[in-house]
Amino acid sequence: MREIILLHCEALSVNTDPQETGWRGRNMGNADTKLHFRKAVIQLTTKTQPVEATDDAFWDQFWADASTNVQDVFTLVPAAEIRAVREESPSNLATLCYKAVERLVRGADSGCPSEKERQIVLNCVRLLTRILPYIFEDADWRGFFWSTVPGAGRAGRSAEGGDEDDARPLAESLLLAIADLLFCPDFTTQSHKKSSADVSEDIRSMDSCEYIWEAGVGFAQSPPLNYVHDINRTELLKLLLTCFSEAMYLPPSSERKNLNPWVSFFCSTDNRHALPLFTSLLNVVCAYDPVGYGFPYNHLMFSDHRELLVEQAVQILVVALEHEAGSAASSALKALVTSGSSSGVEDLEPAGPENLFVNYLSRIHREEDLGFILKGVARLLNNPLLQTYLPRSTKKIQFHQELLILFWKFCDFNKKFLFFVLKSSDVLDVLVPILFNLNDARADQSRVGLMHIGVFILLLLSGERNFGVRLNKPYTLRVPMDIPVFTGTHADLLVVIFHKIITSGHQRLQPLFECLLTITVNISPYLKSLSMVAANKLLHLLEAFTTPWFLFSSPQNHHLVFFLLEVFNNIIQYQFDGNFNLVYAIIRKRNVFHQLANLPTDTSSIQKALQRKKKSGISRSNSTEAESMEGSRPAVPAEPGTFKTSLEATPVQKGFLVRLPGIDKITEKSQVSVDGTMVAVPHLEAPQTTADGQAAAGASDTESNSERDHEAYHSESEAGRSRLSSVSSSAAWSPNPDWVMSWKSKLPLQTIMRLLQVLVPQVEKICIDKGLTDESEILKFLQHGTLVGLLPVPHPILIRKYQANAGTAMWFRTYMWGVIYLRNVDPPIWYDTDIRLFEIQRI
C-alpha cells in the first residue's frame with residue numbers, strides 16, 4: 001500500500017512545462033520507461049543477493065530514463081519498499097546511494113555538457129531526495145554517509161587528491177558535488193563562454209563568484225532570467241535541504257551542543273563555493289518581487305518558477321545559518337578572501353565564526369547592502385497585506401514564517417543590520433506585518449509557533465531605544481485587521497494588538513503574556529502620546545489582572561501587574577506632557593489602583609476570592625467586576641476541536657512551548673544612563689529562578705527611590721521568584737497571607753498615587769466650577785497641566801534586552817524544522833517518516 005500522500009494532484013491538469021513536454025514529445029514511450037524504472041525498484045527489493053557495484057547495466061536503470069520527474073520518483077519508490085531494502089538488502093541500498101553520488105560527482109566534474117548528462121544528474125538528485133529521510137530515521141544507518149567506501153576515493157572522482165581524497169566520506173562528496181552543480185554553466189547558471197565545447201575543461205578552476213545568480217549584495221550584474229536554471233537549482237537545493245534534515249530525526253535536547261555535521265561541512269572552507277552560494281541565496285530572496293509587473297491575475301496565467309527557488313533558498317539560509325556560541329574561527333578562515341574576487345562581503349576581518357554563512361552575514365556592513373536586505377525582506381513580509389480592488393488578483397506568498405526566522409537571524413548575527421533597521425522608520429515596514437500576523441494567528445492553536453517568533457523579534461527590537469522612538473510615527477495604513485478604529489501612532493497599534501492577543505487569544509499563548517508586557521515596558525519611556533483607545537486598553541488589562549481571584553489563582557500572575565505599573569510609571573515620569581489621554585484614563589479608573597493598594601491579605605478574604613471564581617467561572621457574567629469592557633479579561637481556554645489546521649499535519653514542539661525559559665531567563669537588564677547609553681545591571685545571585693516568571697523590577701518607587709532600596713527590591717523579587725518556582729511546581733500550592741504580603745508591599749504605586757492625589761481634586765473642581773460634562777475640556781486641562789516638582793524623583797529607565805540561551809536556541813531549531821516539514825509537501829519529502837524532533841498531529 002502506498003505510504004505517501006500527494007497533496008497537489010497535478011495529473012488532473014495539463015502540464016505546460018516546456019522542459020517536460022519537450023522530453024515527452026521526443027519520447028512517446030513514457031509509460032514504458034516508467035514501467036522499466038518500477039521494475040528496477042522491484043528487482044532491488046526482491047534480490048536476495050547483493051548486486052555488484054560494477055553492474056552498471058542494472059544501476060543505470062534508476063537514472064537513465066529521461067521522462068521521470070520528481071513526482072514519478074516519489075510514486076514509483078514507495079516508503080515500504082525503501083524500508084524493506086534497508087532491512088533485508090542493506091548492501092543493495094548502500095550501493096544504490098554510492099552509485100547515485102558517484103554519478104553526481106561525475107556530472108559535477110564534467111560540467112554536464114550534454115542534455116542526457118543533465119537528466120541523469122537530475123534523476124540521481126530526485127532519487128537521493130527520496131531515499132535520504134529513510135536513511136536518517138534508522139539510527140544504525142545514520143552514520144552511513146559519513147563512512148568511507150574502501151578504494152572508492154571521492155565517490156569515483158579521479159585520484160588526483162591522493163590519500164586525502166581517498167578518505168573523504170560519502171556525505172562530503174555529495175555536498176561538494178551539489179555545490180559544484182549549483183554553479184554549472186548552462187545547467188544552473190548562465191554560461192560566459194561563446195562556445196560550450198571548452199566548458200568542461202575549466203569547470204574545476206572557474207571562479208564561481210562570477211556566476212552569482214542575482215544582483216544585490218556584492219554583485220552588480222543581474223543575469224537574464226532562465227526558468228530552466230531556476231528549476232534545476234530548486235531541485236538541487238531540495239536535495240541539499242534533505243541532507244540537512246538529519247536534525248529532524250534526533251530527539252530535542254537543549255543540552256545537545258553538537259552542530260549539524262551536514263551544515264558544518266557545507267558551510268566550511270572545504271566548500272569553495274560557500275561565498276558565492278551564500279550571496280546567490282541571499283540576493284535571490286531579497287530581490288524577489290512576487291507582484292512582478294503588476295498585471296492582475298498574472299500568477300494564475302504563468303508559472304512562477306522563481307518563487308519556488310526563493311522558497312528553497314530562504315529555507316536553506318535559515319538552516320545553514322547555524323552558529324554555536326563560543327565557536328572559534330579556524331586558521332583556515334584566512335582563505336576566505338581569494339585574490340581577484342569581487343563578489344561578496346568586502347573588507348572581511350580575519351576572525352569570526354567557523355560557519356562561513358554566519359561569518360559572511362555577520363560582516364555585511366555597506367549601507368546599500370543593508371538597505372537592499374531590509375527592503376527585500378520588508379517587501380515580502382508586506383506582500384500578504386496588499387489590498388487591490390480585484391479580489392485575489394495579486395500573488396500572495398506563503399513563506400512568511402521562514403522570512404521571520406531569517407530576519408531574526410539577520411538581527412541576531414549582524415548587529416550593524418539591527419542598528420540599520422532601527423536607524424530609520426523602515427523598521428515599521430517590518431513591524432506592521434509582524435503585528436498583522438500576530439493578530440491573525442492569535443486564535444489558531446496550530447500557529448502558536450508563528451506567535452512566538454513574532455513576539456521574540458519584537459522583544460529583540462524593543463531592547464533598543466530607537467525602536468521605541470520610531471513607534472511615535474503616525475499609523476496611516478489601513479491594513480485589514482479586526483481591531484478598533486483609532487487615530488494614533490504605531491505604538492497605539494502595538495498596544496491594541498497586544499491587548500487583543502491577551503484577551504482573545506487561546507490558552508497556549510499565556511506563556512507569552514510576560515514577553516508582551518516586557519516589550520511594552522521597554523518602549524514605554526519613549527512613547528510621546530498614546531491614543532485614548534490604547535490608553536483604555538492598558539487600563540483594561542490592569543483591571544483584569546488586579547481582580548483578586550486572578551491574582552490569587554497562580555503564583556506568577558502578580559508579575560503582570562508589576563509590568564503594567566512599570567509602564568504607567570515610565571510614561572508618567574518621562575513622557576507626561578503628551579500623554580494626557582493615559583492620565584485621564586488613569587483618573588477615570590482610579591478605583592482600580594485604590595483597590596490594588598488595599599488588596600486584602602487575610603486568609604478568609606483570599607479564600608472568598610477563590611471561591612467566587614469557582615462559582616462564577618472565568619466569564620464571571622454575574623459579577624459586578626464583569627462590567628468592564630468585553631475582552632478585558634485573560635483569555636479562556638480554547639475548547640477542544642475548535643481550531644482546525646488547513647495542513648495535513650501540524651508539528652508540535654515536545655514541551656518547548658511550556659518549557660521556554662521565563663522572561664528573566666531570556667532577557668538581561670540594562671539601565672539607561674544620563675547620556676543615553678546602556679549600562680548593564682549586574683544580576684544578583686539567587687537560588688534557581690523560576691522558568692516561568694518575572695516580577696517587574698526596576699520601577700520600584702513605593703516608599704523609597706534610593707539606590708540601595710532599588711537594589712534590594714531587585715534581589716528580593718529575584719529570590720521571591722525562586723521561592724515561587726519550587727512552590728508552583730507543587731500541585732498543592734495555595735496562596736497565603738505571607739505570600740501576598742511579600743509582593744504587595746513592593747507594588748510600585750507611589751508615582752501613580754501622587755498623580756491621583758494632585759490631579760483628581762483639580763479635575764473635580766473644574767468640573768464643578770464650570771459644570772463640565774464634556775471630557776474634551778478635561779483633556780485640554782490635562783494637556784496643559786504639569787506635575788513638575790510634585791512627583792517622586794524619576795527612577796532610572798530599565799530596559800530588558802533579549803539574551804540568547806540554550807532553551808530558546810533549541811526552540812528556534814525545532815520551530816524552524818517544523819515549518820520546513822509542513823512547507824515541503826510537493827513532493828512530501830518527510831511525510832510518514834519517523835520524525836523525532838517534534839510530534840505530528842493528524843487532523
# chains A, B, ... in the order shown; residues from 1 in each chain; ligands from 1
>>> residues_around(residues="A:Asn579", least_positions_apart="4", cutoff="10 Å", atoms="only C-alpha atoms", output="VMD selection string")
chain A and resid 527 to 532 535 571 to 572 575 583 to 584 779 782 to 783
>>> residues_around(residues="A:Phe436", least_positions_apart="4", cutoff="10 Å", atoms="only C-alpha atoms", output="compact mmCIF listing (two decimals) with all heavy atoms, in the first residue's frame")
# COMPACT_ATOMS: atom_id res chain seq x y z
N ASN A 382 5.35 42.22 3.63
CA ASN A 382 4.15 43.02 3.41
C ASN A 382 3.28 42.49 2.28
O ASN A 382 2.15 42.97 2.10
CB ASN A 382 4.53 44.48 3.13
CG ASN A 382 4.84 45.25 4.40
OD1 ASN A 382 3.95 45.70 5.10
ND2 ASN A 382 6.13 45.38 4.71
N PRO A 384 1.45 39.72 1.80
CA PRO A 384 0.09 39.25 2.13
C PRO A 384 -0.85 40.38 2.56
O PRO A 384 -2.06 40.17 2.62
CB PRO A 384 0.33 38.26 3.29
CG PRO A 384 1.76 37.86 3.17
CD PRO A 384 2.46 39.08 2.67
N LEU A 385 -0.31 41.56 2.86
CA LEU A 385 -1.15 42.66 3.33
C LEU A 385 -1.65 43.54 2.18
O LEU A 385 -2.45 44.45 2.39
CB LEU A 385 -0.37 43.55 4.30
CG LEU A 385 -0.21 43.06 5.75
CD1 LEU A 385 0.56 41.76 5.82
CD2 LEU A 385 0.51 44.12 6.57
N LEU A 431 7.53 45.92 11.31
CA LEU A 431 6.64 45.85 12.47
C LEU A 431 5.20 45.55 12.07
O LEU A 431 4.55 44.68 12.67
CB LEU A 431 6.70 47.16 13.26
CG LEU A 431 5.65 47.30 14.37
CD1 LEU A 431 6.00 46.40 15.54
CD2 LEU A 431 5.53 48.76 14.82
N VAL A 432 4.67 46.27 11.09
CA VAL A 432 3.26 46.14 10.74
C VAL A 432 2.91 44.72 10.30
O VAL A 432 1.93 44.14 10.80
CB VAL A 432 2.86 47.17 9.67
CG1 VAL A 432 1.44 46.90 9.17
CG2 VAL A 432 2.95 48.58 10.25
N ASP A 440 -3.65 37.91 13.42
CA ASP A 440 -4.34 36.93 12.58
C ASP A 440 -4.23 35.52 13.16
O ASP A 440 -5.14 34.70 13.01
CB ASP A 440 -3.75 36.97 11.17
CG ASP A 440 -4.55 36.16 10.18
OD1 ASP A 440 -5.78 36.37 10.07
OD2 ASP A 440 -3.97 35.29 9.51
N ALA A 441 -3.11 35.22 13.84
CA ALA A 441 -2.86 33.85 14.31
C ALA A 441 -3.26 33.63 15.76
O ALA A 441 -3.16 32.50 16.25
CB ALA A 441 -1.37 33.52 14.13
N GLY A 454 7.17 35.90 16.21
CA GLY A 454 6.83 37.32 16.09
C GLY A 454 7.11 38.08 17.37
O GLY A 454 7.69 39.18 17.35
N VAL A 479 -4.45 48.51 7.04
CA VAL A 479 -4.33 47.06 6.85
C VAL A 479 -5.57 46.40 7.43
O VAL A 479 -6.01 46.76 8.54
CB VAL A 479 -3.06 46.54 7.55
CG1 VAL A 479 -2.96 45.03 7.43
CG2 VAL A 479 -1.82 47.20 6.92
N PRO A 480 -6.18 45.46 6.72
CA PRO A 480 -7.41 44.83 7.23
C PRO A 480 -7.16 43.99 8.47
O PRO A 480 -6.61 42.90 8.40
CB PRO A 480 -7.87 43.95 6.06
CG PRO A 480 -6.62 43.66 5.28
CD PRO A 480 -5.76 44.87 5.43
N MET A 481 -7.54 44.52 9.63
CA MET A 481 -7.40 43.78 10.89
C MET A 481 -8.65 44.03 11.73
O MET A 481 -9.20 45.14 11.72
CB MET A 481 -6.15 44.23 11.65
CG MET A 481 -4.84 43.77 11.04
SD MET A 481 -3.41 44.09 12.10
CE MET A 481 -2.99 45.75 11.62
N ASP A 482 -9.07 43.02 12.47
CA ASP A 482 -10.26 43.15 13.30
C ASP A 482 -9.92 43.79 14.63
O ASP A 482 -9.97 43.17 15.68
CB ASP A 482 -10.93 41.78 13.50
CG ASP A 482 -9.97 40.78 14.13
OD1 ASP A 482 -8.74 40.94 13.98
OD2 ASP A 482 -10.45 39.82 14.77
N LEU A 493 -1.03 51.02 17.72
CA LEU A 493 -1.33 49.77 17.02
C LEU A 493 -0.77 48.59 17.81
O LEU A 493 -1.45 47.57 17.99
CB LEU A 493 -0.73 49.80 15.61
CG LEU A 493 -0.90 48.54 14.78
CD1 LEU A 493 -2.36 48.30 14.43
CD2 LEU A 493 -0.05 48.61 13.50
N LEU A 494 0.46 48.73 18.28
CA LEU A 494 1.10 47.65 19.03
C LEU A 494 0.32 47.35 20.31
O LEU A 494 0.05 46.18 20.63
CB LEU A 494 2.55 48.03 19.33
CG LEU A 494 3.40 47.01 20.09
CD1 LEU A 494 4.83 47.01 19.55
CD2 LEU A 494 3.43 47.30 21.58
N ILE A 497 -3.10 45.62 19.59
CA ILE A 497 -2.98 44.21 19.18
C ILE A 497 -2.51 43.34 20.34
O ILE A 497 -2.98 42.22 20.52
CB ILE A 497 -2.06 44.09 17.96
CG1 ILE A 497 -2.78 44.67 16.73
CG2 ILE A 497 -1.65 42.64 17.71
CD1 ILE A 497 -1.98 44.64 15.46
>>> residues_around(residues="A:Pro251", least_positions_apart="4", cutoff="9 Å", atoms="only C-alpha atoms", output="PDB file with N, CA and C atoms, in the first residue's frame")
ATOM      1  N   ALA A 247      18.732  16.500  11.269  1.00  0.00           N
ATOM      2  CA  ALA A 247      18.394  17.054  12.591  1.00  0.00           C
ATOM      3  C   ALA A 247      16.972  16.704  13.015  1.00  0.00           C
ATOM      4  N   ILE A 835       9.939  11.065  12.405  1.00  0.00           N
ATOM      5  CA  ILE A 835      10.454  12.333  12.923  1.00  0.00           C
ATOM      6  C   ILE A 835      10.485  12.271  14.450  1.00  0.00           C
ATOM      7  N   ARG A 836      11.591  12.723  15.034  1.00  0.00           N
ATOM      8  CA  ARG A 836      11.717  12.682  16.489  1.00  0.00           C
ATOM      9  C   ARG A 836      11.896  14.066  17.114  1.00  0.00           C
ATOM     10  N   LEU A 837      12.179  15.066  16.292  1.00  0.00           N
ATOM     11  CA  LEU A 837      12.395  16.404  16.830  1.00  0.00           C
ATOM     12  C   LEU A 837      11.094  17.024  17.329  1.00  0.00           C
ATOM     13  N   PHE A 838       9.980  16.678  16.699  1.00  0.00           N
ATOM     14  CA  PHE A 838       8.672  17.183  17.110  1.00  0.00           C
ATOM     15  C   PHE A 838       7.631  16.118  16.812  1.00  0.00           C
TER      16      PHE A 838
END
>>> residues_around(residues="A:Ile364", least_positions_apart="3", cutoff="12 Å", atoms="only C-alpha atoms", output="MDAnalysis selection string")
chainID A and resid 216:218 278:279 282 344:349 357:361 367:373 410:411 413:418 420
>>> write_last_selection(atoms="C-alpha atoms", output="PDB file, in the first residue's frame")
ATOM      1  CA  GLY A 216      22.416  42.531  -4.848  1.00  0.00           C
ATOM      2  CA  VAL A 217      24.935  42.207  -2.027  1.00  0.00           C
ATOM      3  CA  GLY A 218      28.427  42.465  -3.519  1.00  0.00           C
ATOM      4  CA  PHE A 278      25.552  32.438   0.261  1.00  0.00           C
ATOM      5  CA  THR A 279      25.430  35.596  -1.841  1.00  0.00           C
ATOM      6  CA  LEU A 282      20.596  35.995  -0.169  1.00  0.00           C
ATOM      7  CA  GLY A 344      30.756  39.472  -1.765  1.00  0.00           C
ATOM      8  CA  VAL A 345      31.300  40.855   1.656  1.00  0.00           C
ATOM      9  CA  GLU A 346      34.061  43.404   1.394  1.00  0.00           C
ATOM     10  CA  ASP A 347      36.793  44.281   3.857  1.00  0.00           C
ATOM     11  CA  LEU A 348      36.423  40.969   5.664  1.00  0.00           C
ATOM     12  CA  GLU A 349      38.005  40.893   9.085  1.00  0.00           C
ATOM     13  CA  PHE A 357      27.453  31.585   6.060  1.00  0.00           C
ATOM     14  CA  VAL A 358      27.237  33.082   9.559  1.00  0.00           C
ATOM     15  CA  ASN A 359      30.655  34.652   9.079  1.00  0.00           C
ATOM     16  CA  TYR A 360      29.725  36.384   5.836  1.00  0.00           C
ATOM     17  CA  LEU A 361      26.356  37.511   7.161  1.00  0.00           C
ATOM     18  CA  GLU A 367      24.652  50.783   3.784  1.00  0.00           C
ATOM     19  CA  GLU A 368      23.468  49.901   0.281  1.00  0.00           C
ATOM     20  CA  ASP A 369      23.743  46.188   1.084  1.00  0.00           C
ATOM     21  CA  LEU A 370      21.936  46.523   4.406  1.00  0.00           C
ATOM     22  CA  GLY A 371      19.242  48.595   2.705  1.00  0.00           C
ATOM     23  CA  PHE A 372      18.855  46.013  -0.062  1.00  0.00           C
ATOM     24  CA  ILE A 373      18.326  43.240   2.504  1.00  0.00           C
ATOM     25  CA  PHE A 410      19.985  38.721  10.414  1.00  0.00           C
ATOM     26  CA  CYS A 411      19.382  40.814  13.538  1.00  0.00           C
ATOM     27  CA  PHE A 413      24.173  37.669  13.816  1.00  0.00           C
ATOM     28  CA  ASN A 414      24.743  41.159  12.398  1.00  0.00           C
ATOM     29  CA  LYS A 415      24.366  43.977  14.914  1.00  0.00           C
ATOM     30  CA  LYS A 416      25.092  46.535  12.193  1.00  0.00           C
ATOM     31  CA  PHE A 417      21.992  45.305  10.418  1.00  0.00           C
ATOM     32  CA  LEU A 418      19.971  45.583  13.628  1.00  0.00           C
ATOM     33  CA  PHE A 420      20.457  49.951  10.468  1.00  0.00           C
TER      34      PHE A 420
END
>>> residues_around(residues="stretch 139-148 of chain A", least_positions_apart="4", cutoff="6 Å", atoms="only C-alpha atoms", output="list in words")
Ile135, Pro169, Leu170 and Ala171 of chain A
>>> select_by_dssp(residues="stretch 430-542 of chain A", states="alpha helix (DSSP H)", output="PyMOL selection string")
chain A and resi 430-441+448-462+465-470+490-504+513-523+532-542
>>> closest_residue(among="A:Ser446, A:Gln757, A:Thr546, A:Thr808", to="A:Arg842", atoms="only C-alpha atoms")
A:Ser446
>>> decode(residues="stretch 415-460 of chain A", atoms="C-alpha atoms", output="mmCIF file, in the first residue's frame")
data_model
loop_
_atom_site.group_PDB
_atom_site.id
_atom_site.type_symbol
_atom_site.label_atom_id
_atom_site.label_comp_id
_atom_site.auth_asym_id
_atom_site.auth_seq_id
_atom_site.Cartn_x
_atom_site.Cartn_y
_atom_site.Cartn_z
ATOM 1 C CA LYS A 415 24.366 43.977 14.914
ATOM 2 C CA LYS A 416 25.092 46.535 12.193
ATOM 3 C CA PHE A 417 21.992 45.305 10.418
ATOM 4 C CA LEU A 418 19.971 45.583 13.628
ATOM 5 C CA PHE A 419 21.093 49.170 14.144
ATOM 6 C CA PHE A 420 20.457 49.951 10.468
ATOM 7 C CA VAL A 421 16.919 48.612 10.796
ATOM 8 C CA LEU A 422 16.276 50.856 13.785
ATOM 9 C CA LYS A 423 18.019 53.904 12.312
ATOM 10 C CA SER A 424 15.000 54.994 10.291
ATOM 11 C CA SER A 425 11.259 54.441 10.119
ATOM 12 C CA ASP A 426 11.879 51.492 7.780
ATOM 13 C CA VAL A 427 11.624 49.281 10.862
ATOM 14 C CA LEU A 428 7.880 49.982 10.792
ATOM 15 C CA ASP A 429 7.691 48.183 7.428
ATOM 16 C CA VAL A 430 8.672 45.056 9.355
ATOM 17 C CA LEU A 431 6.638 45.845 12.470
ATOM 18 C CA VAL A 432 3.260 46.137 10.739
ATOM 19 C CA PRO A 433 3.324 42.696 9.034
ATOM 20 C CA ILE A 434 4.535 41.111 12.284
ATOM 21 C CA LEU A 435 1.627 42.665 14.180
ATOM 22 C CA PHE A 436 -0.730 41.637 11.382
ATOM 23 C CA ASN A 437 0.417 38.011 11.684
ATOM 24 C CA LEU A 438 0.195 38.074 15.475
ATOM 25 C CA ASN A 439 -3.367 39.351 15.331
ATOM 26 C CA ASP A 440 -4.337 36.932 12.582
ATOM 27 C CA ALA A 441 -2.861 33.854 14.311
ATOM 28 C CA ARG A 442 -3.909 34.551 17.902
ATOM 29 C CA ALA A 443 -6.964 32.255 17.859
ATOM 30 C CA ASP A 444 -5.376 29.400 15.864
ATOM 31 C CA GLN A 445 -3.602 26.848 18.034
ATOM 32 C CA SER A 446 -1.785 25.381 15.021
ATOM 33 C CA ARG A 447 0.024 28.724 14.538
ATOM 34 C CA VAL A 448 1.344 29.144 18.055
ATOM 35 C CA GLY A 449 4.923 28.924 16.709
ATOM 36 C CA LEU A 450 4.286 31.944 14.483
ATOM 37 C CA MET A 451 3.128 33.833 17.569
ATOM 38 C CA HIS A 452 6.351 33.008 19.383
ATOM 39 C CA ILE A 453 8.714 34.053 16.585
ATOM 40 C CA GLY A 454 6.835 37.321 16.090
ATOM 41 C CA VAL A 455 6.953 38.165 19.796
ATOM 42 C CA PHE A 456 10.641 37.218 20.054
ATOM 43 C CA ILE A 457 11.522 39.563 17.179
ATOM 44 C CA LEU A 458 9.653 42.420 18.854
ATOM 45 C CA LEU A 459 11.378 41.623 22.161
ATOM 46 C CA LEU A 460 14.756 41.802 20.421
#
